[in-house]
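Report on one structure; see the data block that follows.
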Amino acid sequence: MNQDSRWIVLAVIIGSFLCHNLLAQITQTSSVADGMGARSTGGSFTHIGAGGQPGGIATSRGGSYYNQAGFLNTFFLKPGLDTDGNGIPDEADWDNDGDLLSDLDEIIGGLFNPTSPTNPNNVDSDGDGMSDYQEMIAGTDPNNPDALLEVIHIATAGGGQEVRWVARGGKTYIVQARLDPTAGAFAPLATNLAVGGSAPWFVVTNSFVDLTSTNTEFYAVQVLP
């Protein structure tokens, strides 16, 4: 990889800094009758009884609010199991690993194209440094550690600075730059639509030449949802 040592590369995924409102995860037990749930132990046997809301067991959501009806949340088999450490037992948590993808969405994998189930107890299923949520936004394979949004080349070319990154065909990217690596806002330089790539993930190398660069600059590539 040809890269000028003066340049620092950043790859940014829009939406990856969203904060989810954990306070919205409220357990509502008012519709479960008192005395309908109990746990008893005799020797090596444990009995758990529960009464739940009518209508069957189901999970529904509206915006950031989740409702678990039926027997869900009437008792916890492992109340101390909390994968993401947010204070909500996994059995009541819609997102065990805290990666902003619901456990159901991760198990089904339907938010990825092609469909790709991921580990609901692991923020980064393939260990490539990008969370499953970030890979969903970027359209990259969440189960391949070599598939991720990353800048792979920055060098002088064509009278400017050329930036190349691994992209997905059909995705739109914004190339940005700033003078300071840690301070100041990134200024957008260009919007770039990736074209091409082969199924199923349509991986392609995209490039942009910054003809306005007169000083040392720090680049970022942002993918739009």
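Naming scheme: A, B, ... for chains in displayed order of the structure tokens; residues 1 onward per chain; ligands 1 onward as shown.
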
TODO: Give me every strand (DSSP E) residue in segment 26-217 of chain A, going by DSSP on the backbone, as JSON, numbers by chain.
DONE: {"A": [38, 39, 40, 41, 42, 45, 46, 47, 48, 49, 58, 59, 60, 61, 62, 65, 66, 67, 68, 69, 151, 152, 153, 154, 155, 156, 157, 160, 161, 162, 163, 164, 165, 166, 167, 168, 172, 173, 174, 175, 176, 177, 178, 187, 188, 189, 190, 191, 192, 193, 203, 204, 205, 206, 207, 208, 209, 210]}

- [ ] Mind the document's chain letters and residue numbers, and return as a ChimeraX atom specification the residues of segment 53-195 of chain A that DSSP labels helix (DSSP H, G or I).
- [x] /A:90-92,103-108,132-138

Could you take the residues named above and write them with N, CA and C atoms, as an mmCIF file, in the first residue's frame?
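Generated output (again.cif):
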data_model
loop_
_atom_site.group_PDB
_atom_site.id
_atom_site.type_symbol
_atom_site.label_atom_id
_atom_site.label_comp_id
_atom_site.auth_asym_id
_atom_site.auth_seq_id
_atom_site.Cartn_x
_atom_site.Cartn_y
_atom_site.Cartn_z
ATOM 1 N N ASP A 90 -30.099 -10.083 30.290
ATOM 2 C CA ASP A 90 -30.226 -10.439 28.877
ATOM 3 C C ASP A 90 -31.634 -10.913 28.526
ATOM 4 N N GLU A 91 -32.279 -11.605 29.449
ATOM 5 C CA GLU A 91 -33.617 -12.134 29.171
ATOM 6 C C GLU A 91 -34.646 -11.029 28.963
ATOM 7 N N ALA A 92 -34.351 -9.823 29.460
ATOM 8 C CA ALA A 92 -35.267 -8.697 29.292
ATOM 9 C C ALA A 92 -34.733 -7.649 28.331
ATOM 10 N N ASP A 103 -31.687 -8.349 19.165
ATOM 11 C CA ASP A 103 -31.293 -9.759 19.152
ATOM 12 C C ASP A 103 -32.023 -10.507 18.046
ATOM 13 N N LEU A 104 -33.309 -10.214 17.865
ATOM 14 C CA LEU A 104 -34.085 -10.884 16.824
ATOM 15 C C LEU A 104 -33.535 -10.571 15.441
ATOM 16 N N ASP A 105 -33.194 -9.288 15.198
ATOM 17 C CA ASP A 105 -32.627 -8.913 13.900
ATOM 18 C C ASP A 105 -31.291 -9.609 13.658
ATOM 19 N N GLU A 106 -30.501 -9.778 14.725
ATOM 20 C CA GLU A 106 -29.208 -10.447 14.553
ATOM 21 C C GLU A 106 -29.387 -11.940 14.256
ATOM 22 N N ILE A 107 -30.323 -12.576 14.929
ATOM 23 C CA ILE A 107 -30.540 -14.009 14.712
ATOM 24 C C ILE A 107 -31.072 -14.272 13.310
ATOM 25 N N ILE A 108 -31.989 -13.405 12.852
ATOM 26 C CA ILE A 108 -32.568 -13.576 11.513
ATOM 27 C C ILE A 108 -31.599 -13.097 10.432
ATOM 28 N N ASP A 132 -21.323 -4.956 14.366
ATOM 29 C CA ASP A 132 -22.309 -5.503 13.435
ATOM 30 C C ASP A 132 -23.227 -4.400 12.915
ATOM 31 N N TYR A 133 -23.564 -3.448 13.774
ATOM 32 C CA TYR A 133 -24.409 -2.321 13.358
ATOM 33 C C TYR A 133 -23.694 -1.485 12.292
ATOM 34 N N GLN A 134 -22.418 -1.191 12.506
ATOM 35 C CA GLN A 134 -21.657 -0.409 11.533
ATOM 36 C C GLN A 134 -21.553 -1.139 10.203
ATOM 37 N N GLU A 135 -21.381 -2.463 10.264
ATOM 38 C CA GLU A 135 -21.298 -3.234 9.017
ATOM 39 C C GLU A 135 -22.645 -3.251 8.299
ATOM 40 N N MET A 136 -23.733 -3.236 9.051
ATOM 41 C CA MET A 136 -25.050 -3.174 8.440
ATOM 42 C C MET A 136 -25.213 -1.855 7.682
ATOM 43 N N ILE A 137 -24.800 -0.748 8.281
ATOM 44 C CA ILE A 137 -24.890 0.557 7.628
ATOM 45 C C ILE A 137 -23.991 0.597 6.393
ATOM 46 N N ALA A 138 -22.784 0.046 6.511
ATOM 47 C CA ALA A 138 -21.822 0.085 5.409
ATOM 48 C C ALA A 138 -22.132 -0.923 4.312
#

Task: Spatial neighbours of Val163 of chain A, 8 Å, only C-alpha atoms, chain gap at least 5 places, as a PyMOL selection string - done: chain A and resi 151-155+207-210

Open item on the list: From the options A:Gly139, A:Phe45, A:Leu189, A:Asn119, which residue's atoms come nearest to Ile174 of chain A, counting only C-alpha atoms?
Closed with: A:Leu189

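Relative to atom CA of Lys171 of chain A, atom CA of Thr214 of chain A is found at 29.1 Å.
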
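Among the candidates A:Val123, A:Phe218, A:Leu193, A:Asp82, the one nearest to Thr172 of chain A when counting only C-alpha atoms is A:Leu193.
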
Task: Interatomic distance (Å, one decimal) between atom CA of Ala147 of chain A and atom CA of Ser116 of chain A - done: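 Result for atom CA of Ala147 of chain A versus atom CA of Ser116 of chain A: 13.3 Å, one decimal.
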
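Nearest to Phe202 of chain A of all the residues A:Pro142, A:Gly159, A:Pro188, A:Pro114 is A:Pro114, based on only C-alpha atoms.
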
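Atom pair atom CA of Phe76 of chain A / atom CA of Arg61 of chain A: separated by 20.8 Å.
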